[in-house]
Amino acid sequence: MANVDVVGFGALNVDRLYLVDRIPAKDEEGFVIDVRIAPGGSAANTIAALSRLGVKTAFIGKVGSDSDGDFLLNDMEREGVNTFGVLRGKGRTGCALVFVDKAGNRAILVDPGVNDDINFEDIAKLKLRGKILHLTSFICRKGNSPFEAQKKATEFFEVVSLDPGNIYARRSDIWDLINKAEIFLPNRAEIEEITGLNYVEGAEKAMARGVKIVAVKLGERGCYVTDGKKDFHVPAFKTRVVDTTGAGDAFNAGFLYALLKGYDLDVCGMAGNFVAARCIERMGARDGLPIKKELEEFLSKL
């Protein structure tokens with residue numbers, strides 16, 4: 001993995017996407033309009049998007065010894081991701097049940113499967129190396145070993161990027177990972193949950209703990225990016241929303257791509273917004289992701 005630019009480390013899930021007439025509240029009912037099966041997992045979505053943009057990528061994770069595991073591995077390899085770090089275990093591959101309404105809103109239930117079995121001893125033999133390690137959350141239903149494995153893995157990479165997701169945002173020990181991150185990529189709800197402050201003040205608190213760059217995803221309002229010296233509110237692109245699944249993961253890919261290419265911070269935010277906008281125009285986390293030529297054409301016009 002020595003020549004890899006970005007290595008992802010997070011859960012690997014098969015997304016079972018249900019387009020529904022409504023996302024039911026307690027004691028409500030609705031009906032399913034359509035069903036799709038797609039590869040998923042937050043870090044995996046970002047790594048697939050980066051690979052599609054021409055970045056050298058690899059992944060660390062775990063799948064089961066079942067057809068879903070075959071499906072996820074085959075898809076990553078088709079995207080050009082190095083899967084040497086993807087282990088196979090006995091049991092079920094992780095699965096996410098994703099309910100999407102006609103407005104593109106979503107609700108997710110996750111069965112972690114063998115994702116929760118991964119530990120640092122499993123992956124230490126892989127001789128992990130790379131420029132950027134991109135981390136996203138595990139459910140950690142069975143115990144804390146995936147979280148601890150991520151903490152130890154940070155020691156083998158030049159730069160750590162962290163998207164906590166709302167699962168890690170609720171952890172009281174999330175600062176153990178934030179303190180190791182140079183790039184922090186939460187959404188507004190997550191950074192405010194973690195810090196107890198508004199997102200601007202929350203970004204300042206993260207940087208006071210050693211984070212170098214914070215990009216806060218603001219949904220239809222775009223993003224807020226800062227390095228402590230400069231800060232920008234970058235507006236979102238107007239687009240037709242079909243499904244918001246994977247929008248944050250797509251943003252991460254665009255942002256990291258531009259950062260690797262040396263673009264200024266505001267342009268990194270624009271790149272993130274562009275890739276996210278393309279993502280939400282299609283069902284699922286990956287079908288709408290652009291290729292390198294499309295993003296480069298956009299950046300060349302700025």
# chains A, B, ... in the order shown; residues from 1 in each chain; ligands from 1
>>> select_by_dssp(residues="range 60-240 of chain A", states="alpha helix (DSSP H)", output="number ranges by chain")
A: 67-78, 120-124, 145-153, 165-169, 175-178, 188-195, 199-208
>>> write_last_selection(atoms="C-alpha atoms", output="PDB file, in the first residue's frame")
ATOM      1  CA  SER A  67     -22.555 -13.677  -1.710  1.00  0.00           C
ATOM      2  CA  ASP A  68     -22.923 -10.144  -0.305  1.00  0.00           C
ATOM      3  CA  GLY A  69     -19.212 -10.177   0.495  1.00  0.00           C
ATOM      4  CA  ASP A  70     -18.450 -11.256  -3.076  1.00  0.00           C
ATOM      5  CA  PHE A  71     -20.679  -8.456  -4.358  1.00  0.00           C
ATOM      6  CA  LEU A  72     -18.872  -5.755  -2.353  1.00  0.00           C
ATOM      7  CA  LEU A  73     -15.385  -6.988  -3.223  1.00  0.00           C
ATOM      8  CA  ASN A  74     -16.176  -7.302  -6.917  1.00  0.00           C
ATOM      9  CA  ASP A  75     -17.610  -3.788  -7.014  1.00  0.00           C
ATOM     10  CA  MET A  76     -14.578  -2.233  -5.303  1.00  0.00           C
ATOM     11  CA  GLU A  77     -12.207  -4.037  -7.627  1.00  0.00           C
ATOM     12  CA  ARG A  78     -14.257  -2.878 -10.612  1.00  0.00           C
ATOM     13  CA  PHE A 120      -6.091  -4.321  14.932  1.00  0.00           C
ATOM     14  CA  GLU A 121      -4.458  -7.751  15.164  1.00  0.00           C
ATOM     15  CA  ASP A 122      -6.369  -8.668  11.982  1.00  0.00           C
ATOM     16  CA  ILE A 123      -4.936  -5.776  10.009  1.00  0.00           C
ATOM     17  CA  ALA A 124      -1.473  -5.238  11.549  1.00  0.00           C
ATOM     18  CA  SER A 145     -12.339  -3.365  18.839  1.00  0.00           C
ATOM     19  CA  PRO A 146     -13.092  -1.608  15.497  1.00  0.00           C
ATOM     20  CA  PHE A 147     -12.780   1.834  17.125  1.00  0.00           C
ATOM     21  CA  GLU A 148      -9.534   0.844  18.855  1.00  0.00           C
ATOM     22  CA  ALA A 149      -8.185  -0.594  15.586  1.00  0.00           C
ATOM     23  CA  GLN A 150      -8.807   2.733  13.856  1.00  0.00           C
ATOM     24  CA  LYS A 151      -6.986   4.612  16.618  1.00  0.00           C
ATOM     25  CA  LYS A 152      -3.915   2.383  16.257  1.00  0.00           C
ATOM     26  CA  ALA A 153      -4.005   2.501  12.450  1.00  0.00           C
ATOM     27  CA  GLY A 165     -21.160  10.139  11.177  1.00  0.00           C
ATOM     28  CA  ASN A 166     -23.895  10.424  13.769  1.00  0.00           C
ATOM     29  CA  ILE A 167     -22.915   7.065  15.315  1.00  0.00           C
ATOM     30  CA  TYR A 168     -19.439   8.233  16.364  1.00  0.00           C
ATOM     31  CA  ALA A 169     -20.740  11.737  17.097  1.00  0.00           C
ATOM     32  CA  TRP A 175     -12.170  13.037  20.825  1.00  0.00           C
ATOM     33  CA  ASP A 176      -9.703  10.121  20.959  1.00  0.00           C
ATOM     34  CA  LEU A 177     -10.016  10.013  17.158  1.00  0.00           C
ATOM     35  CA  ILE A 178     -10.493  13.738  16.541  1.00  0.00           C
ATOM     36  CA  ARG A 188     -23.587  20.395  11.162  1.00  0.00           C
ATOM     37  CA  ALA A 189     -25.587  18.155  13.505  1.00  0.00           C
ATOM     38  CA  GLU A 190     -22.525  16.020  14.237  1.00  0.00           C
ATOM     39  CA  ILE A 191     -20.103  18.809  15.103  1.00  0.00           C
ATOM     40  CA  GLU A 192     -22.708  20.499  17.270  1.00  0.00           C
ATOM     41  CA  GLU A 193     -23.449  17.179  19.023  1.00  0.00           C
ATOM     42  CA  ILE A 194     -19.736  16.574  19.639  1.00  0.00           C
ATOM     43  CA  THR A 195     -18.753  20.049  20.807  1.00  0.00           C
ATOM     44  CA  TYR A 199     -20.673  24.711  13.962  1.00  0.00           C
ATOM     45  CA  VAL A 200     -18.354  27.724  13.621  1.00  0.00           C
ATOM     46  CA  GLU A 201     -17.351  27.640  17.273  1.00  0.00           C
ATOM     47  CA  GLY A 202     -17.233  23.842  17.114  1.00  0.00           C
ATOM     48  CA  ALA A 203     -14.718  24.045  14.265  1.00  0.00           C
ATOM     49  CA  GLU A 204     -12.596  26.388  16.377  1.00  0.00           C
ATOM     50  CA  LYS A 205     -12.685  23.907  19.263  1.00  0.00           C
ATOM     51  CA  ALA A 206     -11.578  21.060  16.984  1.00  0.00           C
ATOM     52  CA  MET A 207      -8.685  23.108  15.636  1.00  0.00           C
ATOM     53  CA  ALA A 208      -7.650  24.027  19.185  1.00  0.00           C
TER      54      ALA A 208
END
>>> residues_around(residues="range 83-89 of chain A", least_positions_apart="6", cutoff="6 Å", atoms="only C-alpha atoms", output="JSON, numbers by chain")
{"A": [58, 59, 60, 61, 62, 63, 64, 65]}
>>> write_last_selection(atoms="C-alpha atoms", output="PDB file, in the first residue's frame")
ATOM      1  CA  ALA A  58      -7.138   1.086  -1.013  1.00  0.00           C
ATOM      2  CA  PHE A  59      -9.511  -0.114   1.666  1.00  0.00           C
ATOM      3  CA  ILE A  60      -9.344  -1.734   5.087  1.00  0.00           C
ATOM      4  CA  GLY A  61     -12.450  -3.555   6.245  1.00  0.00           C
ATOM      5  CA  LYS A  62     -14.201  -6.884   6.608  1.00  0.00           C
ATOM      6  CA  VAL A  63     -16.903  -8.780   4.737  1.00  0.00           C
ATOM      7  CA  GLY A  64     -18.563 -12.128   5.371  1.00  0.00           C
ATOM      8  CA  SER A  65     -18.068 -15.419   3.581  1.00  0.00           C
TER       9      SER A  65
END
>>> atom_distance(atom1="CA of Asp116 in chain A", atom2="CA of Gly40 in chain A")
15.8 Å
>>> select_by_dssp(residues="range 71-189 of chain A", states="strand (DSSP E)", output="ChimeraX atom specification")
/A:82-89,94-100,106-111,130-135,157-162,183-184
>>> write_last_selection(atoms="C-alpha atoms", output="CSV table (one decimal), in the first residue's frame")
chain,number,residue,atom,x,y,z
A,82,ASN,CA,-6.9,-2.0,-3.9
A,83,THR,CA,-8.8,-4.6,-1.7
A,84,PHE,CA,-5.7,-6.2,-0.2
A,85,GLY,CA,-6.9,-4.9,3.2
A,86,VAL,CA,-10.4,-6.3,3.0
A,87,LEU,CA,-10.6,-9.4,5.2
A,88,ARG,CA,-13.2,-12.1,5.0
A,89,GLY,CA,-14.8,-13.6,8.1
A,94,GLY,CA,-22.9,-5.9,6.9
A,95,CYS,CA,-26.2,-4.6,5.6
A,96,ALA,CA,-27.9,-1.2,5.6
A,97,LEU,CA,-31.7,-0.9,5.1
A,98,VAL,CA,-32.1,2.5,3.6
A,99,PHE,CA,-35.6,4.0,3.3
A,100,VAL,CA,-35.9,6.9,0.8
A,106,ARG,CA,-33.9,8.9,4.1
A,107,ALA,CA,-33.8,6.8,7.2
A,108,ILE,CA,-31.3,4.0,7.8
A,109,LEU,CA,-31.1,0.8,9.9
A,110,VAL,CA,-27.8,-1.0,10.0
A,111,ASP,CA,-27.0,-4.7,10.6
A,130,GLY,CA,-0.3,5.7,2.7
A,131,LYS,CA,-0.6,9.5,2.5
A,132,ILE,CA,-4.2,9.8,3.9
A,133,LEU,CA,-6.2,7.5,6.1
A,134,HIS,CA,-9.9,8.3,5.8
A,135,LEU,CA,-11.9,7.0,8.8
A,157,PHE,CA,-0.3,7.3,7.9
A,158,GLU,CA,0.9,10.8,7.2
A,159,VAL,CA,-2.5,12.4,7.4
A,160,VAL,CA,-5.8,11.3,9.0
A,161,SER,CA,-9.2,12.4,7.7
A,162,LEU,CA,-12.3,11.7,9.9
A,183,ILE,CA,-8.9,16.8,8.4
A,184,PHE,CA,-12.3,16.8,10.1
>>> residues_around(residues="Pro164 in chain A", least_positions_apart="6", cutoff="7 Å", atoms="only C-alpha atoms", output="list in words")
Thr136, Ser137 and Pro186 of chain A
>>> closest_residue(among="A:Glu29, A:Val35, A:Phe251, A:Ile139", to="Ile118 in chain A", atoms="only C-alpha atoms")
A:Ile139
>>> closest_residue(among="A:Val214, A:Cys279, A:Leu299, A:Ile37", to="Ala181 in chain A", atoms="only C-alpha atoms")
A:Val214
>>> closest_residue(among="A:Gly262, A:Gly54, A:Gly10, A:Pro39", to="Pro290 in chain A", atoms="only C-alpha atoms")
A:Gly54
>>> closest_residue(among="A:Tyr18, A:Val216, A:Ala276, A:Arg209", to="Lys238 in chain A", atoms="only C-alpha atoms")
A:Ala276
>>> decode(residues="range 99-140 of chain A", atoms="N, CA and C atoms", output="compact mmCIF listing (two decimals), in the first residue's frame")
# COMPACT_ATOMS: atom_id res chain seq x y z
N PHE A 99 -34.29 3.63 3.69
CA PHE A 99 -35.64 4.00 3.26
C PHE A 99 -35.60 5.44 2.74
N VAL A 100 -35.98 5.61 1.48
CA VAL A 100 -35.90 6.92 0.81
C VAL A 100 -37.28 7.32 0.33
N ASP A 101 -37.72 8.55 0.69
CA ASP A 101 -39.03 8.99 0.21
C ASP A 101 -38.89 9.76 -1.09
N LYS A 102 -40.00 10.24 -1.64
CA LYS A 102 -40.00 10.88 -2.96
C LYS A 102 -39.24 12.20 -2.97
N ALA A 103 -39.04 12.80 -1.79
CA ALA A 103 -38.30 14.05 -1.71
C ALA A 103 -36.80 13.83 -1.52
N GLY A 104 -36.40 12.56 -1.44
CA GLY A 104 -34.99 12.24 -1.26
C GLY A 104 -34.56 12.14 0.19
N ASN A 105 -35.49 12.32 1.14
CA ASN A 105 -35.15 12.14 2.55
C ASN A 105 -34.94 10.66 2.83
N ARG A 106 -34.20 10.35 3.90
CA ARG A 106 -33.88 8.95 4.14
C ARG A 106 -33.84 8.62 5.63
N ALA A 107 -33.99 7.33 5.90
CA ALA A 107 -33.78 6.77 7.24
C ALA A 107 -33.03 5.46 7.05
N ILE A 108 -32.13 5.14 7.98
CA ILE A 108 -31.25 3.99 7.80
C ILE A 108 -31.24 3.12 9.06
N LEU A 109 -31.31 1.82 8.85
CA LEU A 109 -31.09 0.83 9.91
C LEU A 109 -29.94 -0.07 9.46
N VAL A 110 -28.97 -0.29 10.35
CA VAL A 110 -27.77 -1.03 9.98
C VAL A 110 -27.65 -2.32 10.77
N ASP A 111 -27.38 -3.41 10.03
CA ASP A 111 -26.98 -4.68 10.64
C ASP A 111 -25.48 -4.80 10.37
N PRO A 112 -24.62 -4.61 11.39
CA PRO A 112 -23.18 -4.55 11.13
C PRO A 112 -22.54 -5.85 10.67
N GLY A 113 -23.13 -6.99 11.00
CA GLY A 113 -22.53 -8.25 10.60
C GLY A 113 -21.09 -8.36 11.07
N VAL A 114 -20.19 -8.82 10.18
CA VAL A 114 -18.80 -9.04 10.56
C VAL A 114 -17.99 -7.75 10.67
N ASN A 115 -18.57 -6.62 10.29
CA ASN A 115 -17.87 -5.35 10.50
C ASN A 115 -17.42 -5.20 11.94
N ASP A 116 -18.27 -5.62 12.87
CA ASP A 116 -17.97 -5.45 14.28
C ASP A 116 -16.91 -6.41 14.80
N ASP A 117 -16.48 -7.36 13.96
CA ASP A 117 -15.47 -8.32 14.39
C ASP A 117 -14.05 -7.88 14.10
N ILE A 118 -13.87 -6.80 13.36
CA ILE A 118 -12.52 -6.41 12.95
C ILE A 118 -11.73 -5.88 14.15
N ASN A 119 -10.45 -6.21 14.19
CA ASN A 119 -9.58 -5.71 15.26
C ASN A 119 -8.20 -5.44 14.68
N PHE A 120 -7.38 -4.75 15.46
CA PHE A 120 -6.09 -4.32 14.93
C PHE A 120 -5.17 -5.50 14.64
N GLU A 121 -5.28 -6.57 15.42
CA GLU A 121 -4.46 -7.75 15.16
C GLU A 121 -4.73 -8.32 13.77
N ASP A 122 -6.00 -8.20 13.32
CA ASP A 122 -6.37 -8.67 11.98
C ASP A 122 -5.62 -7.92 10.89
N ILE A 123 -5.44 -6.62 11.10
CA ILE A 123 -4.94 -5.78 10.01
C ILE A 123 -3.47 -5.38 10.16
N ALA A 124 -2.86 -5.64 11.33
CA ALA A 124 -1.47 -5.24 11.55
C ALA A 124 -0.53 -5.88 10.55
N LYS A 125 -0.83 -7.10 10.14
CA LYS A 125 0.04 -7.83 9.21
C LYS A 125 0.03 -7.24 7.80
N LEU A 126 -0.88 -6.31 7.53
CA LEU A 126 -0.99 -5.75 6.19
C LEU A 126 0.06 -4.68 5.89
N LYS A 127 0.85 -4.30 6.92
CA LYS A 127 1.89 -3.27 6.75
C LYS A 127 1.28 -2.00 6.16
N LEU A 128 0.38 -1.42 6.89
CA LEU A 128 -0.39 -0.27 6.44
C LEU A 128 0.49 0.96 6.22
N ARG A 129 0.34 1.56 5.07
CA ARG A 129 1.04 2.80 4.77
C ARG A 129 0.21 3.60 3.76
N GLY A 130 0.39 4.91 3.73
CA GLY A 130 -0.30 5.72 2.74
C GLY A 130 -0.24 7.19 3.13
N LYS A 131 -0.65 8.05 2.22
CA LYS A 131 -0.64 9.48 2.50
C LYS A 131 -1.77 9.87 3.45
N ILE A 132 -2.99 9.46 3.10
CA ILE A 132 -4.16 9.83 3.89
C ILE A 132 -4.92 8.59 4.31
N LEU A 133 -5.25 8.52 5.59
CA LEU A 133 -6.15 7.48 6.10
C LEU A 133 -7.50 8.14 6.37
N HIS A 134 -8.54 7.67 5.67
CA HIS A 134 -9.87 8.25 5.84
C HIS A 134 -10.73 7.31 6.68
N LEU A 135 -11.20 7.81 7.81
CA LEU A 135 -11.95 7.00 8.77
C LEU A 135 -13.42 7.39 8.82
N THR A 136 -14.28 6.39 8.92
CA THR A 136 -15.69 6.62 9.20
C THR A 136 -16.14 5.58 10.23
N SER A 137 -17.39 5.65 10.65
CA SER A 137 -17.81 4.94 11.85
C SER A 137 -18.12 3.46 11.63
N PHE A 138 -17.96 2.71 12.73
CA PHE A 138 -18.47 1.36 12.90
C PHE A 138 -19.59 1.41 13.94
N ILE A 139 -20.51 0.47 13.87
CA ILE A 139 -21.58 0.39 14.87
C ILE A 139 -21.01 0.02 16.24
N CYS A 140 -20.03 -0.90 16.28
CA CYS A 140 -19.42 -1.37 17.53
C CYS A 140 -20.46 -1.98 18.47
